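Participant: I am sharing start13.txt, which consists of compact mmCIF, C-alpha atoms and all ligand atoms:
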```txt
# COMPACT_ATOMS: atom_id res chain seq x y z
CA MET A 1 48.91 -264.99 15.69
CA LYS A 2 51.42 -267.49 17.10
CA VAL A 3 50.71 -271.21 16.75
CA LEU A 4 52.72 -273.92 18.52
CA MET A 5 52.61 -277.49 17.23
CA THR A 6 54.10 -280.24 19.40
CA TYR A 7 54.85 -282.53 16.41
CA ASP A 8 56.14 -282.38 12.86
CA MET A 9 54.20 -284.46 10.36
CA TYR A 10 52.07 -284.20 7.24
CA ARG A 11 53.27 -280.69 6.47
CA ASP A 12 51.19 -280.81 3.26
CA GLY A 13 48.05 -280.84 5.41
CA PHE A 14 49.20 -277.69 7.23
CA ILE A 15 50.22 -275.53 4.24
CA GLU A 16 47.39 -273.03 4.70
CA LEU A 17 48.16 -272.75 8.42
CA PHE A 18 51.86 -272.12 7.72
CA GLU A 19 50.98 -269.46 5.12
CA ARG A 20 48.68 -267.53 7.40
CA TYR A 21 50.32 -267.55 10.83
CA ASP A 22 53.58 -267.68 12.68
CA VAL A 23 53.79 -271.45 13.28
CA THR A 24 56.48 -273.16 15.35
CA HIS A 25 56.97 -276.91 15.06
CA PRO A 26 59.85 -279.26 15.83
CA GLU A 27 62.00 -280.74 13.07
CA ARG A 28 60.95 -284.40 12.84
CA LYS A 29 61.05 -285.22 16.59
CA ASP A 30 58.18 -284.13 18.87
CA PHE A 31 58.71 -281.31 21.36
CA SER A 32 58.98 -282.60 24.92
CA PHE A 33 56.60 -281.44 27.63
CA GLU A 34 59.43 -279.37 29.18
CA GLU A 35 60.14 -277.67 25.85
CA VAL A 36 56.47 -276.78 25.39
CA MET A 37 56.30 -275.48 28.99
CA GLU A 38 59.19 -273.13 28.12
CA MET A 39 57.62 -271.86 24.91
CA ILE A 40 53.90 -271.76 25.69
CA PRO A 41 53.69 -268.32 27.42
CA SER A 42 53.95 -266.45 24.12
CA TYR A 43 51.56 -268.60 22.03
CA ASP A 44 47.90 -268.00 21.15
CA VAL A 45 47.16 -271.47 19.76
CA LEU A 46 48.45 -274.93 20.71
CA CYS A 47 48.21 -277.99 18.42
CA PRO A 48 49.09 -281.09 20.48
CA MET A 49 49.35 -284.73 19.39
CA PHE A 50 46.83 -287.10 21.07
CA ASN A 51 49.43 -288.41 23.52
CA PHE A 52 50.74 -284.99 24.54
CA PRO A 53 49.43 -284.00 28.01
CA VAL A 54 47.79 -280.59 28.12
CA ASN A 55 47.25 -280.40 31.87
CA LYS A 56 46.54 -277.63 34.41
CA GLU A 57 50.25 -276.99 34.86
CA LEU A 58 50.68 -276.25 31.16
CA ILE A 59 47.46 -274.26 30.84
CA ASP A 60 48.48 -272.13 33.84
CA LYS A 61 51.71 -271.21 32.01
CA ALA A 62 49.77 -269.99 28.96
CA PRO A 63 48.26 -266.52 29.59
CA LYS A 64 47.76 -265.82 25.86
CA LEU A 65 46.35 -269.21 24.90
CA ARG A 66 42.90 -269.03 23.27
CA PHE A 67 42.60 -272.28 21.39
CA ILE A 68 43.78 -275.91 21.55
CA ALA A 69 43.40 -277.96 18.34
CA ASN A 70 44.03 -281.63 19.13
CA TYR A 71 45.34 -283.99 16.46
CA ALA A 72 42.82 -286.75 17.31
CA VAL A 73 39.18 -287.42 17.90
CA GLY A 74 39.96 -288.45 21.51
CA TYR A 75 40.76 -285.59 23.86
CA ASN A 76 41.55 -287.39 27.11
CA ASN A 77 45.10 -285.96 26.89
CA ILE A 78 43.67 -282.49 27.55
CA ASP A 79 42.13 -281.16 30.76
CA VAL A 80 39.22 -279.81 28.71
CA ALA A 81 37.09 -278.79 31.71
CA TYR A 82 39.93 -276.63 33.03
CA ALA A 83 40.71 -275.18 29.60
CA LEU A 84 37.05 -274.20 29.10
CA LYS A 85 36.96 -272.68 32.58
CA ARG A 86 39.95 -270.56 31.60
CA GLY A 87 38.14 -269.44 28.42
CA ILE A 88 40.27 -271.56 26.10
CA ALA A 89 38.34 -273.36 23.36
CA VAL A 90 39.25 -276.94 22.40
CA ALA A 91 38.67 -278.80 19.13
CA ASN A 92 39.24 -282.30 17.76
CA THR A 93 39.24 -284.12 14.40
CA PRO A 94 36.18 -286.41 14.33
CA ASP A 95 35.44 -286.87 10.63
CA PRO A 96 38.70 -288.30 9.22
CA VAL A 97 39.03 -290.95 11.94
CA ILE A 98 35.59 -292.52 11.51
CA ALA A 99 36.16 -294.81 8.51
CA PRO A 100 39.71 -295.99 9.30
CA THR A 101 38.90 -296.79 12.93
CA ALA A 102 35.66 -298.61 12.07
CA ASN A 103 37.50 -300.52 9.34
CA LEU A 104 40.20 -301.58 11.77
CA ALA A 105 37.63 -302.68 14.37
CA LEU A 106 35.88 -304.85 11.77
CA GLY A 107 39.23 -306.18 10.55
CA LEU A 108 40.29 -307.12 14.08
CA MET A 109 36.96 -308.80 14.73
CA ILE A 110 37.32 -310.97 11.65
CA ASP A 111 40.99 -311.56 12.44
CA VAL A 112 40.33 -313.01 15.91
CA ALA A 113 37.20 -314.88 14.79
CA ARG A 114 38.91 -316.53 11.81
CA ARG A 115 42.32 -316.76 13.52
CA ILE A 116 44.05 -315.02 10.62
CA THR A 117 47.06 -313.62 12.49
CA GLU A 118 47.35 -316.75 14.60
CA CYS A 119 47.50 -318.99 11.51
CA ASP A 120 49.92 -316.63 9.78
CA ARG A 121 52.17 -316.68 12.85
CA LYS A 122 52.06 -320.48 13.03
CA LEU A 123 52.81 -320.92 9.32
CA ARG A 124 55.87 -318.75 9.71
CA ILE A 125 57.31 -320.02 12.97
CA GLN A 126 55.73 -323.42 13.71
CA ARG A 127 55.84 -324.89 10.22
CA ASP A 128 56.88 -328.34 11.42
CA THR A 129 54.49 -328.64 14.35
CA MET A 130 51.47 -326.75 13.09
CA LYS A 131 48.38 -328.86 12.56
CA ILE A 132 46.73 -328.38 9.19
CA GLY A 133 43.58 -330.03 7.89
CA ILE A 134 39.87 -329.51 7.73
CA LEU A 135 39.25 -329.91 11.46
CA ASN A 136 42.12 -327.73 12.62
CA ASN A 137 42.36 -323.96 12.91
CA MET A 138 38.60 -323.83 13.19
CA GLY A 139 37.33 -320.31 13.53
CA THR A 140 34.02 -318.76 14.36
CA SER A 141 31.68 -317.01 11.96
CA ILE A 142 30.73 -313.37 12.36
CA THR A 143 27.66 -313.71 10.12
CA GLY A 144 24.51 -314.27 12.15
CA GLN A 145 26.31 -313.30 15.37
CA THR A 146 25.47 -310.44 17.69
CA LEU A 147 27.80 -307.47 17.80
CA GLY A 148 27.56 -305.33 20.91
CA ILE A 149 28.82 -301.79 20.47
CA LEU A 150 29.80 -299.88 23.58
CA GLY A 151 29.66 -296.21 22.59
CA MET A 152 27.39 -295.41 19.66
CA GLY A 153 29.06 -292.23 18.43
CA ARG A 154 30.28 -291.65 14.90
CA ILE A 155 32.74 -294.57 14.91
CA GLY A 156 30.23 -296.92 16.56
CA LYS A 157 27.67 -296.07 13.88
CA ALA A 158 30.18 -296.59 11.08
CA LEU A 159 31.11 -299.98 12.54
CA CYS A 160 27.43 -300.81 12.82
CA LYS A 161 26.89 -300.25 9.07
CA ARG A 162 29.89 -302.41 8.19
CA ALA A 163 28.86 -305.19 10.55
CA ARG A 164 25.32 -305.22 9.18
CA ALA A 165 26.78 -305.68 5.70
CA CYS A 166 28.45 -308.81 7.11
CA GLY A 167 25.09 -310.12 8.35
CA MET A 168 25.49 -309.31 12.05
CA GLU A 169 22.77 -308.30 14.51
CA ILE A 170 23.65 -305.14 16.43
CA ILE A 171 22.91 -304.17 20.01
CA TYR A 172 24.46 -301.14 21.68
CA HIS A 173 24.89 -299.27 24.90
CA ASN A 174 25.59 -295.56 25.06
CA ARG A 175 25.42 -292.72 27.59
CA ARG A 176 22.41 -291.44 25.66
CA GLN A 177 20.04 -293.65 23.73
CA LEU A 178 19.75 -292.68 20.04
CA ASP A 179 16.41 -291.33 18.91
CA ILE A 180 14.00 -293.86 17.49
CA GLU A 181 14.39 -292.73 13.85
CA GLU A 182 18.13 -293.22 14.00
CA GLU A 183 17.80 -296.60 15.72
CA THR A 184 15.40 -297.70 12.99
CA LYS A 185 17.68 -296.43 10.24
CA LEU A 186 20.70 -298.22 11.71
CA ASN A 187 18.58 -301.25 12.68
CA VAL A 188 20.06 -301.41 16.17
CA THR A 189 18.65 -302.17 19.60
CA TYR A 190 19.53 -300.25 22.76
CA VAL A 191 20.31 -302.47 25.78
CA SER A 192 21.55 -301.93 29.33
CA PHE A 193 25.29 -302.29 29.96
CA ASP A 194 24.65 -305.63 31.70
CA ASP A 195 22.67 -306.97 28.75
CA LEU A 196 25.34 -305.77 26.35
CA LEU A 197 27.88 -307.87 28.25
CA LYS A 198 25.61 -310.90 28.47
CA LYS A 199 24.28 -310.94 24.91
CA SER A 200 27.23 -309.94 22.72
CA ASP A 201 29.15 -312.54 20.71
CA PHE A 202 31.52 -309.72 19.79
CA LEU A 203 31.91 -306.63 21.96
CA SER A 204 33.52 -303.58 20.39
CA ILE A 205 34.55 -300.65 22.56
CA ASN A 206 34.04 -297.35 20.75
CA ALA A 207 33.48 -295.06 23.73
CA PRO A 208 35.65 -292.11 24.72
CA TYR A 209 37.96 -292.49 27.70
CA SER A 210 37.12 -290.46 30.81
CA PRO A 211 37.26 -291.05 34.58
CA GLU A 212 33.74 -292.58 34.27
CA THR A 213 34.81 -295.12 31.65
CA TYR A 214 38.11 -296.09 33.34
CA HIS A 215 38.14 -299.93 33.55
CA ILE A 216 34.55 -300.14 32.37
CA ILE A 217 35.57 -303.62 31.22
CA ASP A 218 36.89 -305.03 34.49
CA GLU A 219 36.93 -308.53 35.96
CA LYS A 220 33.22 -308.42 36.83
CA ALA A 221 32.29 -307.31 33.30
CA LEU A 222 34.52 -309.97 31.71
CA LYS A 223 32.99 -312.66 33.91
CA SER A 224 29.49 -311.76 32.78
CA MET A 225 30.36 -312.02 29.07
CA LYS A 226 29.72 -315.20 27.05
CA SER A 227 32.60 -317.67 27.24
CA SER A 228 32.54 -317.63 23.41
CA ALA A 229 32.74 -313.82 23.21
CA ILE A 230 35.46 -311.79 21.53
CA LEU A 231 36.42 -308.34 22.84
CA ILE A 232 37.71 -305.60 20.53
CA ASN A 233 39.20 -302.32 21.79
CA THR A 234 40.14 -299.59 19.30
CA ALA A 235 39.26 -296.71 21.66
CA ARG A 236 41.62 -296.12 24.59
CA GLY A 237 43.57 -298.69 26.58
CA ALA A 238 42.42 -297.88 30.11
CA LEU A 239 38.78 -298.62 29.29
CA VAL A 240 39.85 -302.24 29.83
CA ASP A 241 41.54 -303.60 32.95
CA GLU A 242 44.37 -305.28 31.05
CA HIS A 243 45.43 -307.57 33.93
CA ALA A 244 41.82 -308.71 34.35
CA LEU A 245 41.68 -309.35 30.60
CA VAL A 246 44.77 -311.60 30.77
CA ASN A 247 43.11 -313.55 33.56
CA ALA A 248 39.84 -313.79 31.61
CA LEU A 249 41.59 -315.09 28.50
CA LYS A 250 43.68 -317.60 30.46
CA ASN A 251 40.62 -318.90 32.30
CA ASN A 252 38.36 -318.93 29.24
CA TYR A 253 35.88 -316.39 30.61
CA ILE A 254 35.95 -315.13 27.01
CA ARG A 255 37.26 -316.67 23.79
CA GLY A 256 39.56 -313.99 22.44
CA ALA A 257 40.43 -310.33 22.14
CA ALA A 258 41.97 -307.77 19.84
CA LEU A 259 43.52 -304.60 21.17
CA ASP A 260 44.78 -301.58 19.24
CA VAL A 261 45.32 -299.60 22.43
CA PHE A 262 46.91 -300.55 25.72
CA GLU A 263 46.39 -299.56 29.31
CA PHE A 264 50.00 -298.76 30.17
CA GLY A 265 51.28 -296.87 27.14
CA ASP A 266 52.61 -298.09 23.81
CA PHE A 267 52.91 -301.78 24.72
CA PRO A 268 50.57 -304.40 26.19
CA VAL A 269 51.32 -306.20 29.45
CA PRO A 270 53.80 -309.00 28.54
CA GLU A 271 51.36 -311.86 29.35
CA LEU A 272 49.17 -310.80 26.42
CA LEU A 273 52.03 -311.50 24.02
CA GLU A 274 52.02 -315.15 25.10
CA LEU A 275 48.36 -315.78 24.27
CA GLU A 276 47.39 -317.20 20.85
CA ASN A 277 43.79 -315.97 21.00
CA VAL A 278 44.80 -312.30 21.04
CA VAL A 279 45.59 -309.92 18.18
CA LEU A 280 47.59 -306.83 19.08
CA THR A 281 48.26 -303.73 16.99
CA PRO A 282 50.18 -300.60 18.07
CA HIS A 283 47.45 -297.91 17.97
CA ILE A 284 47.05 -297.92 14.18
CA GLY A 285 43.33 -297.08 14.13
CA THR A 286 43.93 -293.95 12.07
CA GLN A 287 47.30 -294.95 10.65
CA THR A 288 46.58 -294.55 6.94
CA GLU A 289 48.15 -291.95 4.66
CA ARG A 290 44.74 -290.53 3.85
CA ALA A 291 43.51 -290.31 7.45
CA ARG A 292 46.74 -288.73 8.66
CA PHE A 293 46.59 -286.10 5.89
CA GLU A 294 42.91 -285.38 6.51
CA MET A 295 43.48 -285.12 10.27
CA ALA A 296 46.21 -282.55 9.56
CA LYS A 297 43.82 -280.61 7.28
CA THR A 298 41.15 -280.73 9.99
CA VAL A 299 43.53 -279.39 12.66
CA SER A 300 44.54 -276.64 10.24
CA ASN A 301 40.89 -275.83 9.37
CA ASN A 302 39.94 -275.85 13.06
CA VAL A 303 42.60 -273.22 13.83
CA ILE A 304 41.79 -271.04 10.81
CA GLY A 305 38.04 -271.38 11.39
CA PHE A 306 38.44 -270.42 15.04
CA ILE A 307 40.47 -267.32 14.23
CA GLU A 308 38.76 -266.16 11.03
CA GLY A 309 35.27 -267.58 11.59
CA ASP A 310 35.19 -268.65 7.93
CA ARG A 311 34.73 -272.45 8.26
CA LYS A 312 33.47 -275.20 10.53
CA VAL A 313 35.34 -275.80 13.80
CA PHE A 314 34.90 -279.14 15.62
CA LEU A 315 34.58 -277.69 19.11
CA ILE A 316 34.43 -279.79 22.29
CA THR A 317 31.63 -278.44 24.42
CA SER A 318 31.08 -278.98 28.15
CA TRP A 319 28.10 -281.31 27.53
CA MET A 320 30.45 -283.68 25.68
CA LEU A 321 32.57 -284.20 28.83
C1 LIG A 401 43.19 -291.62 17.80
O1 LIG A 401 43.38 -292.41 18.66
C2 LIG A 401 42.28 -290.53 17.91
O2 LIG A 401 41.76 -290.28 19.02
O3 LIG A 401 42.06 -289.85 16.89
```
Spell out the structure here as structure tokens.
Facilitator:
Amino acid sequence: MKVLMTYDMYRDGFIELFERYDVTHPERKDFSFEEVMEMIPSYDVLCPMFNFPVNKELIDKAPKLRFIANYAVGYNNIDVAYALKRGIAVANTPDPVIAPTANLALGLMIDVARRITECDRKLRIQRDTMKIGILNNMGTSITGQTLGILGMGRIGKALCKRARACGMEIIYHNRRQLDIEEETKLNVTYVSFDDLLKKSDFLSINAPYSPETYHIIDEKALKSMKSSAILINTARGALVDEHALVNALKNNYIRGAALDVFEFGDFPVPELLELENVVLTPHIGTQTERARFEMAKTVSNNVIGFIEGDRKVFLITSWML
């Protein structure tokens, strides 16, 4: 069984995989798309990183490929519909990303609300001009405020529990409404997308990216949010129209934003860097030692489970698309 990994990291998490199969991975640097295109014809399993495109072109070059094990919960880098059509199964790593991503979303929410990064930045670089005193650097409370969660999957639910511990009310919008028992247990209220925009003091995006969710937060959506609202995106960049967001922040359609993911790759549009009411992080939602190791273990378990049938495999099914 030949396994091709596009990256080289957390080898400890892949020990069992290396012991069992013939695994190829790069040394430190990732394989390029061209390199993978060259190698793929002889491989049975592909393990891509979440930003590695597994498109039709690549799949068509892979006659032996049976399984794709993504290193991520998100799978928008893979043409899953085409892979499934070709009889290739696809899996992701949902469990290890839940807590770190929900923790980051809560952290970013508090950061923007209480202006933590902004104050830190000013103390460092505007020491002489920064205004200090009890009426300056006033933030907003999260306690007693309404958090709107767009996408009530595993991460949305984990964020919901954390936010409730901080005394927030939770409303949510999702493709499918949760069943009543789960809503009661989580103490959340389902609302339409329009109501989510109108009623949220904080709006956290926790939905997967797909052609249907492209720019779901566009100019119209931003205009219908509260002018005091704070937007948090830890999902995928293109869910938000980043140029429209700049405009909304400059014109006070909303109060602030925090982004861990950007529409056009690794960096935000430059105008965002100029705005004080924005916190930006470089896709660190799952960037903890523990999460990275556990994601590696999950990729490894997914591959072994798929081949041997001896453990759980986190398969992506067509109804999830
Ligand atoms: C990270 O972005 C993931 O999808 O796991």
Participant: From the list A:Glu182, A:Leu231, A:Glu118, A:Arg28, which residue is nearest Glu274 (chain A) when using only C-alpha atoms?
Facilitator: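 That would be A:Glu118, the residue with the smallest distance to Glu274 (chain A).
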Participant: May I ask you to write as a list in words all residues lying at most 6 Å from ligand LIG 401 (chain A), with all atoms listed in the file counted?
Facilitator: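 My answer, listing the contacting residues, is Ala72, Val73, Gly74 and Val97 of chain A.
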Participant: So which one's closest to Ile98 (chain A), A:Leu280, A:Ile180, A:Met295, A:Ala238? Using only C-alpha atoms, please.
Facilitator: A:Met295
Participant: Using all atoms listed in the file, which residues sit within 8 Å of Gly148 (chain A) once same-chain residues fewer than 2 positions away are excluded, as a VMD selection string?
Facilitator: chain A and resid 146 150 170 to 173 196 to 197 199 to 204
Participant: Let's have the selection written as an mmCIF file, in the coordinates of the input, with C-alpha atoms.
Facilitator:
```cif
data_model
loop_
_atom_site.group_PDB
_atom_site.id
_atom_site.type_symbol
_atom_site.label_atom_id
_atom_site.label_comp_id
_atom_site.auth_asym_id
_atom_site.auth_seq_id
_atom_site.Cartn_x
_atom_site.Cartn_y
_atom_site.Cartn_z
ATOM 1 C CA THR A 146 25.470 -310.440 17.690
ATOM 2 C CA LEU A 150 29.800 -299.880 23.580
ATOM 3 C CA ILE A 170 23.650 -305.140 16.430
ATOM 4 C CA ILE A 171 22.910 -304.170 20.010
ATOM 5 C CA TYR A 172 24.460 -301.140 21.680
ATOM 6 C CA HIS A 173 24.890 -299.270 24.900
ATOM 7 C CA LEU A 196 25.340 -305.770 26.350
ATOM 8 C CA LEU A 197 27.880 -307.870 28.250
ATOM 9 C CA LYS A 199 24.280 -310.940 24.910
ATOM 10 C CA SER A 200 27.230 -309.940 22.720
ATOM 11 C CA ASP A 201 29.150 -312.540 20.710
ATOM 12 C CA PHE A 202 31.520 -309.720 19.790
ATOM 13 C CA LEU A 203 31.910 -306.630 21.960
ATOM 14 C CA SER A 204 33.520 -303.580 20.390
#
```
Participant: Any idea what's packed within 9 Å of Arg255 (chain A), counting all atoms listed in the file, ignoring anything in its chain fewer than 5 positions away? Could you give it as a PyMOL selection string?
Facilitator: chain A and resi 226-231+248-249+277
Participant: Within 8 Å of region 75-93 of chain A, which residues of region 215-310 of chain A show up? Give each one with its shortest atom-to-atom distance in Å (one decimal) and the two atoms involved, counting all atoms listed in the file, rows by chain then rising residue number, as a Markdown table.
Facilitator:
```
| residue | atom | partner | partner_atom | distance |
| --- | --- | --- | --- | --- |
| A:Met295 | CA | A:Thr93 | CA | 6.0 |
| A:Thr298 | CA | A:Thr93 | CA | 5.9 |
| A:Val299 | CA | A:Thr93 | CA | 6.6 |
| A:Asn302 | CA | A:Ala91 | CA | 6.9 |
```
Participant: Between CA of Leu186 (chain A) and CA of Cys160 (chain A), what distance in Å does the model show, to one decimal?
Facilitator: 7.3 Å
Participant: Record the distance separating CA of His25 (chain A) and CA of Arg66 (chain A), expressed in Å with one decimal.
Facilitator: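 That distance, rounded to one decimal, is 18.1 Å.
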Participant: Just give me the gap between CA of Asp195 (chain A) and CA of Ile217 (chain A) in Å, one decimal is fine.
Facilitator: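 Distance between the two atoms: 13.6 Å.
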Participant: Quick one: of A:Cys119, A:Leu135, A:Val269, A:Met49, who's nearest to Ser32 (chain A), counting only C-alpha atoms?
Facilitator: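 Comparing A:Cys119, A:Leu135, A:Val269, A:Met49 against Ser32 (chain A), the winner is A:Met49.
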Participant: Wanna dump the region 43-109 of chain A-region 15-21 of chain A contacts at 12 Å for me, each residue with its shortest atom pair and the distance in Å to one decimal, counting all atoms listed in the file, ordered by chain and number, as CSV?
Facilitator:
```
residue,atom,partner,partner_atom,distance
A:Tyr43,CA,A:Tyr21,CA,11.3
A:Asp44,CA,A:Tyr21,CA,10.6
A:Val45,CA,A:Tyr21,CA,10.3
A:Cys47,CA,A:Leu17,CA,11.3
```
Participant: Mind checking which residues fall within 10 Å of region 285-289 of chain A, counting all atoms listed in the file, ignoring those fewer than 3 positions away in the same chain, and posting them as a list in words?
Facilitator: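 The residues satisfying every condition are Tyr10, Ala72, Val73, Pro96, Val97, Ile98, Ala99, Pro100, Thr101, Ala102, Asn103, Leu104, Ala105, Thr234, Ala235, Asp260, Val261, Thr281, Pro282, Arg292, Phe293, Glu294 and Met295 of chain A.
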